[in-house]
Amino acid sequence: MEVLRIEGLTKVFGSGRLEVRALEDINLSVAAGDLVALLGPSGSGKTTLLLCTSLILEPTLGKIVFDGETIHQQNGWAGIDIRRIRREKMGFIFQSHNLIPFLTARQNVLFPLSLVDKKGEAAEARVMELLEYMEITERADYLPALLSGGEQQRVAIARALANNPRLILADEPTASLDTVRGKKVMELLKKIAKENQSAVIVVTHDVRMIEGFDYVYYLKDGHLNHEH
Amino acid sequence: MDLAVYDLKLHKGRFIATVIGVGLLFTIVLAMNGLYRGNIHEGLAVIKATNPDLWVVERQRGGPFNETSTMPEFYHYSVKAIPGVEEASPFIFYTVERQVGDKSRHFSIIGYDVFGGLGGPQQIHAGRNIARAHYEMVAHEKLGVKLGDQVPLGLHTYTVVGLTREAISPDGEPIVYLSLPDAQEVLFQRDNEEIRNQRERLFRSLTRSLPRQTAEKLLPSLQADTHIINAILVRLGPGANRAAVARHIENWLYFSTFTTAEEIQLMLKGRLAGMTKQLLLFRTLLLIVSVVIISLVIYTFTMEKIRSIAVMKLIGAPNLTIVRLVMEQSMLLTLGAFLFGLILIHNTYHLFPKTLVLVADDDLVTFIVALFGGILASILGLWQALKTQPAMALGG
Ligand SMILES: Nc1ncnc2c1ncn2[C@@H]1O[C@H](COP(=O)(O)OP(=O)(O)OP(=O)(O)O)[C@@H](O)[C@H]1O
Ligand SMILES: [Mg+2]
């Protein structure tokens, strides 16, 4: 089942002499359970593509269809509440340090649930289930500052999974981890894709991390190439 | 989820310090409210306590409290003779600084006709009214005297026969009641040296143009008259027309008249107006300072969280969640500070040197102003929070 379809996506920053064509006519389709890697050198447009996919940056041109809804038409938003799509159907994992520092691990995972009005015991139970899944229950009541990088990243993944998103977007999730921990996070993402039937798109620099991915795309100067 | 509270827990020290700091500013604002009320309360106390139907004062003068007014004492007979006037009493009021006990005290003296005249103390809290023509006094408790105390004023010693709690001079000083002749004597008494000197001065200026004998003859009648009063208090007879009586007094006796309500207006527009404006200005400035401080603190709190706010937006938090986070912190700060100020002032108002009259309405108005201030104060932080791009969460 198709979760995300991108057609003819082009992103241009600035204009005239300062014009940067960050993405050029990108076409991409991702299905439920797909584990997708996005590789490319610095400045090739990886983050820009991720931002367009997560509906944070508006494409200059191109169509985005997400979970059956057309979100962006050829040259404009289709008028759908984008933040609602994000909180209900997308999960985000960042490089690091993106837990909310004044909330404990447990509260950080609870936060996206509270945004979709899940409260009380059911929500608490869901949080514990996720923390157990990430094997981090014993740190549940710690503030992020007291957690190691790997622990923080596991909490962040638990948070991304909270609302059972259709699509998980991860920007260099292993960049601040050592190789062993990084591999572990990638294993987790694989497991999530298969077990939850979520589509997962991972941006990375590191070719060593992409073993076992279903699709690997390579971005160069804003052009997307399938690599295999 | 109460994000605002979780965040503040992490910055407890700074939060509490700000609450106390701004709270002290609010304390001063509330104290000034009380000072303003106290100032008016005291400024009008003697007028309200005396409360005759008409005050008769020197022509063109807003006396006897807003300006001085002097008139010869015997005019109260003329006023009494006017149709519609039931009682007309002489009244004298002035301020002195005298030794009471072992301290030099500033207080005001009212002299009135102790035998049935108007203008005396209304409520005696302890003891009795003045009953003899001389050497008795009724004093406000604040003067610090007890019943039976002997207080020397000028040439004589006066016995405290009664204590009051109501009459305070417009400056907030205690009032002492004396019989009219006693009050005039205390006011005009001079020592013998001074009387001799004055007589000599007068004599010298007279002999410049007059023969010695004529000057000597004139001298006694030129001595300063001490039968001076400041106002005549009038009680009207039943059914008398106040306006007609007032017109009569103004036209025939050439005085000015005021009702008690008009006296109050004279004070509010005159002597008390400056203080009122001053206090209003100070309160406005202090509230502005409070709002600025809260703004800056909220702005800093918000800027420290800006990355978290970007993350929240990225995760899909609606703007309302973020507005609530910032606003709630601003409100908690404002309300905490206001509460601190309120509790502090209500427990310390009696320690202030000036009388503070705290009124629930004033507290409420200040609270509402503070609340709007708090909302205003969050605008700077809100503006920063709302313009934060979710993409910021993705950067290194
Ligand atoms: N807001 C912007 N305004 C102008 N140019 C931009 C903006 N964001 C990105 N660019 C440009 O678009 C191009 C792609 O940038 P992008 O951040 O997507 O690269 P990247 O592949 O994520 O690089 P890295 O691996 O260093 O993170 C770059 O040339 C960059 O300078
Ligand atoms: Mg990047």
# chains A, B, ... in the order shown; residues from 1 in each chain; ligands from 1
>>> interface_residues(of="chain A", to="chain B", cutoff="10 Å", atoms="only C-alpha atoms", output="number ranges by chain")
A: 47-48, 50-51, 54-57, 81-104, 107, 110-112, 114-116, 119, 143, 159-160, 170-172, 175-176
>>> residues_near_ligand(ligand="ligand 1", cutoff="9 Å", atoms="only C-alpha atoms and all ligand atoms", output="number ranges by chain")
A: 11-14, 18-23, 39-51, 171-172, 203-205, 219-222; B: 395-396
>>> atom_distance(atom1="atom CA of Arg196 of chain B", atom2="atom CA of Pro181 of chain B")
22.5 Å
>>> closest_residue(among="B:Met392, B:Lys142, B:His76, B:Ala377", to="ligand 2", atoms="only C-alpha atoms and all ligand atoms")
B:Met392
>>> select_by_dssp(residues="segment 119-186 of chain B", states="helix (DSSP H, G or I)", output="PyMOL selection string")
chain B and resi 141-143+180-186
>>> residues_around(residues="Ser378 of chain B", least_positions_apart="3", cutoff="6 Å", atoms="only C-alpha atoms", output="list in words")
Ser295, Met327, Ser330, Ile375, Gly381 and Leu382 of chain B
>>> atom_distance(atom1="atom CA of Glu173 of chain B", atom2="atom CA of His106 of chain B")
6.8 Å
>>> select_by_dssp(residues="segment 3-176 of chain A", states="strand (DSSP E)", output="ChimeraX atom specification")
/A:3-13,20-31,35-39,61-66,69-73,76-77,90-93,167-171
>>> residues_around(residues="Ala123 of chain A", least_positions_apart="2", cutoff="10 Å", atoms="only C-alpha atoms", output="VMD selection string")
chain A and resid 109 to 111 113 to 114 117 to 121 125 to 129 162
>>> write_last_selection(atoms="all heavy atoms", output="compact mmCIF listing (two decimals), in the first residue's frame")
# COMPACT_ATOMS: atom_id res chain seq x y z
N VAL A 109 7.48 11.08 25.73
CA VAL A 109 6.74 10.13 24.89
C VAL A 109 5.24 10.42 24.97
O VAL A 109 4.50 10.25 24.00
CB VAL A 109 7.06 8.69 25.33
CG1 VAL A 109 6.30 7.70 24.45
CG2 VAL A 109 8.56 8.43 25.24
N LEU A 110 4.82 10.92 26.14
CA LEU A 110 3.40 11.23 26.34
C LEU A 110 2.97 12.44 25.50
O LEU A 110 1.81 12.53 25.09
CB LEU A 110 3.17 11.52 27.83
CG LEU A 110 1.73 11.59 28.34
CD1 LEU A 110 1.02 10.27 28.08
CD2 LEU A 110 1.72 11.90 29.84
N PHE A 111 3.92 13.35 25.25
CA PHE A 111 3.58 14.61 24.60
C PHE A 111 2.81 14.45 23.28
O PHE A 111 1.72 15.01 23.12
CB PHE A 111 4.84 15.47 24.43
CG PHE A 111 4.59 16.78 23.75
CD1 PHE A 111 3.78 17.74 24.35
CD2 PHE A 111 5.15 17.05 22.51
CE1 PHE A 111 3.54 18.95 23.71
CE2 PHE A 111 4.91 18.26 21.88
CZ PHE A 111 4.11 19.21 22.48
N LEU A 113 1.10 12.00 22.29
CA LEU A 113 -0.21 11.40 22.59
C LEU A 113 -1.18 12.48 23.07
O LEU A 113 -2.34 12.51 22.67
CB LEU A 113 -0.06 10.32 23.67
CG LEU A 113 0.68 9.05 23.23
CD1 LEU A 113 1.00 8.18 24.44
CD2 LEU A 113 -0.15 8.28 22.23
N SER A 114 -0.66 13.39 23.92
CA SER A 114 -1.54 14.46 24.43
C SER A 114 -2.01 15.37 23.30
O SER A 114 -3.08 15.95 23.37
CB SER A 114 -0.82 15.27 25.51
OG SER A 114 0.12 16.15 24.92
N ASP A 117 -5.11 14.14 21.91
CA ASP A 117 -6.14 13.95 22.93
C ASP A 117 -6.19 12.56 23.52
O ASP A 117 -7.25 12.11 23.93
CB ASP A 117 -7.52 14.33 22.38
CG ASP A 117 -7.84 15.78 22.73
OD1 ASP A 117 -7.31 16.24 23.76
OD2 ASP A 117 -8.58 16.42 21.99
N LYS A 118 -5.06 11.89 23.55
CA LYS A 118 -5.03 10.61 24.28
C LYS A 118 -4.53 10.90 25.68
O LYS A 118 -3.46 11.47 25.86
CB LYS A 118 -4.12 9.61 23.57
CG LYS A 118 -4.72 9.06 22.31
CD LYS A 118 -4.04 7.76 21.89
CE LYS A 118 -4.43 7.39 20.48
NZ LYS A 118 -3.28 7.36 19.57
N LYS A 119 -5.36 10.54 26.65
CA LYS A 119 -5.02 10.89 28.03
C LYS A 119 -5.24 9.70 28.93
O LYS A 119 -5.70 8.65 28.51
CB LYS A 119 -5.92 12.04 28.51
CG LYS A 119 -5.65 13.36 27.85
CD LYS A 119 -6.48 14.46 28.51
CE LYS A 119 -6.51 15.72 27.67
NZ LYS A 119 -7.70 15.82 26.82
N GLY A 120 -4.92 9.91 30.19
CA GLY A 120 -5.27 8.94 31.22
C GLY A 120 -4.50 7.64 31.14
O GLY A 120 -3.38 7.59 30.63
N GLU A 121 -5.13 6.60 31.64
CA GLU A 121 -4.44 5.32 31.78
C GLU A 121 -4.04 4.71 30.45
O GLU A 121 -2.97 4.13 30.32
CB GLU A 121 -5.32 4.34 32.56
CG GLU A 121 -5.11 4.46 34.06
CD GLU A 121 -6.09 3.57 34.82
OE1 GLU A 121 -6.34 2.43 34.38
OE2 GLU A 121 -6.60 4.05 35.85
N ALA A 125 -0.33 3.65 29.59
CA ALA A 125 -0.01 2.28 29.22
C ALA A 125 0.74 2.24 27.89
O ALA A 125 1.72 1.50 27.74
CB ALA A 125 -1.30 1.47 29.12
N ARG A 126 0.30 3.10 26.95
CA ARG A 126 0.97 3.17 25.65
C ARG A 126 2.42 3.63 25.83
O ARG A 126 3.33 3.09 25.21
CB ARG A 126 0.19 4.14 24.75
CG ARG A 126 0.84 4.46 23.43
CD ARG A 126 0.73 3.32 22.45
NE ARG A 126 1.34 3.65 21.16
CZ ARG A 126 2.01 2.78 20.41
NH1 ARG A 126 2.16 1.52 20.83
NH2 ARG A 126 2.52 3.14 19.26
N VAL A 127 2.63 4.61 26.70
CA VAL A 127 3.99 5.11 26.96
C VAL A 127 4.86 3.99 27.50
O VAL A 127 5.98 3.76 27.01
CB VAL A 127 3.96 6.29 27.95
CG1 VAL A 127 5.36 6.66 28.40
CG2 VAL A 127 3.27 7.50 27.32
N MET A 128 4.35 3.25 28.46
CA MET A 128 5.15 2.18 29.06
C MET A 128 5.46 1.09 28.04
O MET A 128 6.57 0.56 27.99
CB MET A 128 4.43 1.59 30.28
CG MET A 128 4.51 2.45 31.54
SD MET A 128 6.09 3.33 31.77
CE MET A 128 7.13 1.98 32.36
N GLU A 129 4.47 0.81 27.21
CA GLU A 129 4.66 -0.19 26.16
C GLU A 129 5.82 0.22 25.23
O GLU A 129 6.71 -0.59 24.92
CB GLU A 129 3.34 -0.31 25.38
CG GLU A 129 3.32 -1.31 24.25
CD GLU A 129 2.07 -1.16 23.38
OE1 GLU A 129 1.20 -0.32 23.70
OE2 GLU A 129 1.97 -1.86 22.37
N ALA A 162 4.87 7.02 18.98
CA ALA A 162 3.74 7.09 19.91
C ALA A 162 2.38 6.95 19.23
O ALA A 162 1.54 6.18 19.67
CB ALA A 162 3.80 8.38 20.71
>>> decode(residues="segment 69-207 of chain A", atoms="C-alpha atoms", output="tab-separated table (two decimals), in the first residue's frame")
chain	number	residue	atom	x	y	z
A	69	GLU	CA	-4.70	12.58	0.46
A	70	THR	CA	-3.28	15.13	-1.93
A	71	ILE	CA	-1.46	17.52	0.35
A	72	HIS	CA	0.37	19.63	-2.19
A	73	GLN	CA	-0.89	20.24	-5.68
A	74	GLN	CA	1.36	21.24	-8.54
A	75	ASN	CA	1.93	24.75	-7.18
A	76	GLY	CA	0.19	25.19	-3.86
A	77	TRP	CA	-1.00	23.57	-0.64
A	78	ALA	CA	-4.29	21.73	-0.98
A	79	GLY	CA	-5.61	23.41	2.14
A	80	ILE	CA	-5.26	20.55	4.58
A	81	ASP	CA	-4.26	21.12	8.23
A	82	ILE	CA	-0.61	20.17	7.91
A	83	ARG	CA	0.17	20.12	11.62
A	84	ARG	CA	-2.67	17.67	12.16
A	85	ILE	CA	-1.19	15.37	9.49
A	86	ARG	CA	2.17	15.64	11.20
A	87	ARG	CA	0.98	14.88	14.70
A	88	GLU	CA	-1.38	12.07	13.67
A	89	LYS	CA	0.47	10.35	10.88
A	90	MET	CA	4.16	11.19	10.97
A	91	GLY	CA	6.96	10.49	13.38
A	92	PHE	CA	10.25	12.38	13.52
A	93	ILE	CA	13.68	11.33	14.68
A	94	PHE	CA	16.49	13.84	14.70
A	95	GLN	CA	20.19	13.77	14.92
A	96	SER	CA	20.19	14.38	18.68
A	97	HIS	CA	19.29	16.67	21.55
A	98	ASN	CA	15.74	17.00	20.43
A	99	LEU	CA	13.96	15.70	23.42
A	100	ILE	CA	12.16	18.44	25.29
A	101	PRO	CA	14.63	19.13	28.11
A	102	PHE	CA	12.11	20.01	30.82
A	103	LEU	CA	10.10	16.83	30.35
A	104	THR	CA	11.12	13.41	31.65
A	105	ALA	CA	11.55	10.49	29.24
A	106	ARG	CA	8.02	9.36	30.05
A	107	GLN	CA	6.55	12.84	29.53
A	108	ASN	CA	8.42	13.26	26.25
A	109	VAL	CA	6.74	10.13	24.89
A	110	LEU	CA	3.40	11.23	26.34
A	111	PHE	CA	3.58	14.61	24.60
A	112	PRO	CA	2.57	13.50	21.05
A	113	LEU	CA	-0.21	11.40	22.59
A	114	SER	CA	-1.54	14.46	24.43
A	115	LEU	CA	-1.59	16.34	21.12
A	116	VAL	CA	-4.12	13.89	19.71
A	117	ASP	CA	-6.14	13.95	22.93
A	118	LYS	CA	-5.03	10.61	24.28
A	119	LYS	CA	-5.02	10.89	28.03
A	120	GLY	CA	-5.27	8.94	31.22
A	121	GLU	CA	-4.44	5.32	31.78
A	122	ALA	CA	-4.62	4.27	28.15
A	123	ALA	CA	-1.99	6.89	27.29
A	124	GLU	CA	0.20	5.92	30.25
A	125	ALA	CA	-0.01	2.28	29.22
A	126	ARG	CA	0.97	3.17	25.65
A	127	VAL	CA	3.99	5.11	26.96
A	128	MET	CA	5.15	2.18	29.06
A	129	GLU	CA	4.66	-0.19	26.16
A	130	LEU	CA	6.87	2.01	23.97
A	131	LEU	CA	9.53	2.45	26.62
A	132	GLU	CA	9.62	-1.31	27.13
A	133	TYR	CA	9.88	-1.80	23.38
A	134	MET	CA	12.89	0.54	23.40
A	135	GLU	CA	14.24	-1.17	26.53
A	136	ILE	CA	14.46	2.05	28.48
A	137	THR	CA	11.81	1.68	31.19
A	138	GLU	CA	14.28	2.02	34.03
A	139	ARG	CA	15.07	5.57	32.85
A	140	ALA	CA	11.43	6.60	32.44
A	141	ASP	CA	11.48	9.34	35.05
A	142	TYR	CA	14.83	10.87	34.14
A	143	LEU	CA	15.18	14.24	32.49
A	144	PRO	CA	16.96	14.01	29.09
A	145	ALA	CA	20.07	15.73	30.46
A	146	LEU	CA	20.67	12.69	32.67
A	147	LEU	CA	20.46	10.19	29.80
A	148	SER	CA	23.28	9.04	27.54
A	149	GLY	CA	23.16	9.86	23.81
A	150	GLY	CA	21.98	6.36	22.93
A	151	GLU	CA	19.30	6.41	25.63
A	152	GLN	CA	18.09	9.80	24.45
A	153	GLN	CA	17.86	8.50	20.91
A	154	ARG	CA	15.80	5.51	22.05
A	155	VAL	CA	13.39	7.79	23.90
A	156	ALA	CA	13.17	9.95	20.77
A	157	ILE	CA	12.28	6.88	18.71
A	158	ALA	CA	9.65	5.89	21.27
A	159	ARG	CA	8.23	9.39	20.95
A	160	ALA	CA	8.20	9.15	17.14
A	161	LEU	CA	6.29	5.87	17.37
A	162	ALA	CA	3.74	7.09	19.91
A	163	ASN	CA	0.84	7.68	17.54
A	164	ASN	CA	1.61	4.71	15.30
A	165	PRO	CA	2.62	6.94	12.39
A	166	ARG	CA	2.22	5.93	8.76
A	167	LEU	CA	5.60	7.47	7.97
A	168	ILE	CA	8.72	7.93	10.05
A	169	LEU	CA	11.29	10.48	8.94
A	170	ALA	CA	14.77	10.35	10.42
A	171	ASP	CA	17.51	12.89	9.69
A	172	GLU	CA	20.91	11.37	10.44
A	173	PRO	CA	19.66	9.49	13.51
A	174	THR	CA	23.03	7.84	14.04
A	175	ALA	CA	25.28	10.87	13.58
A	176	SER	CA	25.80	11.46	17.29
A	177	LEU	CA	26.20	7.79	18.19
A	178	ASP	CA	29.17	5.43	17.96
A	179	THR	CA	29.07	2.68	15.33
A	180	VAL	CA	27.73	-0.02	17.66
A	181	ARG	CA	24.92	2.15	19.01
A	182	GLY	CA	24.24	3.51	15.52
A	183	LYS	CA	23.82	0.00	14.13
A	184	LYS	CA	21.46	-0.82	16.99
A	185	VAL	CA	19.26	2.19	16.16
A	186	MET	CA	19.18	1.11	12.50
A	187	GLU	CA	18.17	-2.40	13.59
A	188	LEU	CA	15.36	-0.87	15.62
A	189	LEU	CA	14.14	1.14	12.64
A	190	LYS	CA	14.12	-2.03	10.53
A	191	LYS	CA	12.14	-3.82	13.20
A	192	ILE	CA	9.63	-0.94	13.39
A	193	ALA	CA	9.15	-0.89	9.62
A	194	LYS	CA	8.42	-4.59	9.54
A	195	GLU	CA	6.38	-4.93	12.75
A	196	ASN	CA	4.35	-1.71	12.57
A	197	GLN	CA	4.05	-1.54	8.80
A	198	SER	CA	5.25	2.07	8.96
A	199	ALA	CA	7.21	3.49	6.06
A	200	VAL	CA	10.63	4.71	7.26
A	201	ILE	CA	12.84	7.21	5.41
A	202	VAL	CA	16.32	7.63	6.84
A	203	VAL	CA	18.73	10.33	5.73
A	204	THR	CA	22.33	9.41	6.34
A	205	HIS	CA	25.89	10.15	5.38
A	206	ASP	CA	27.10	6.81	6.44
A	207	VAL	CA	26.99	3.97	3.89
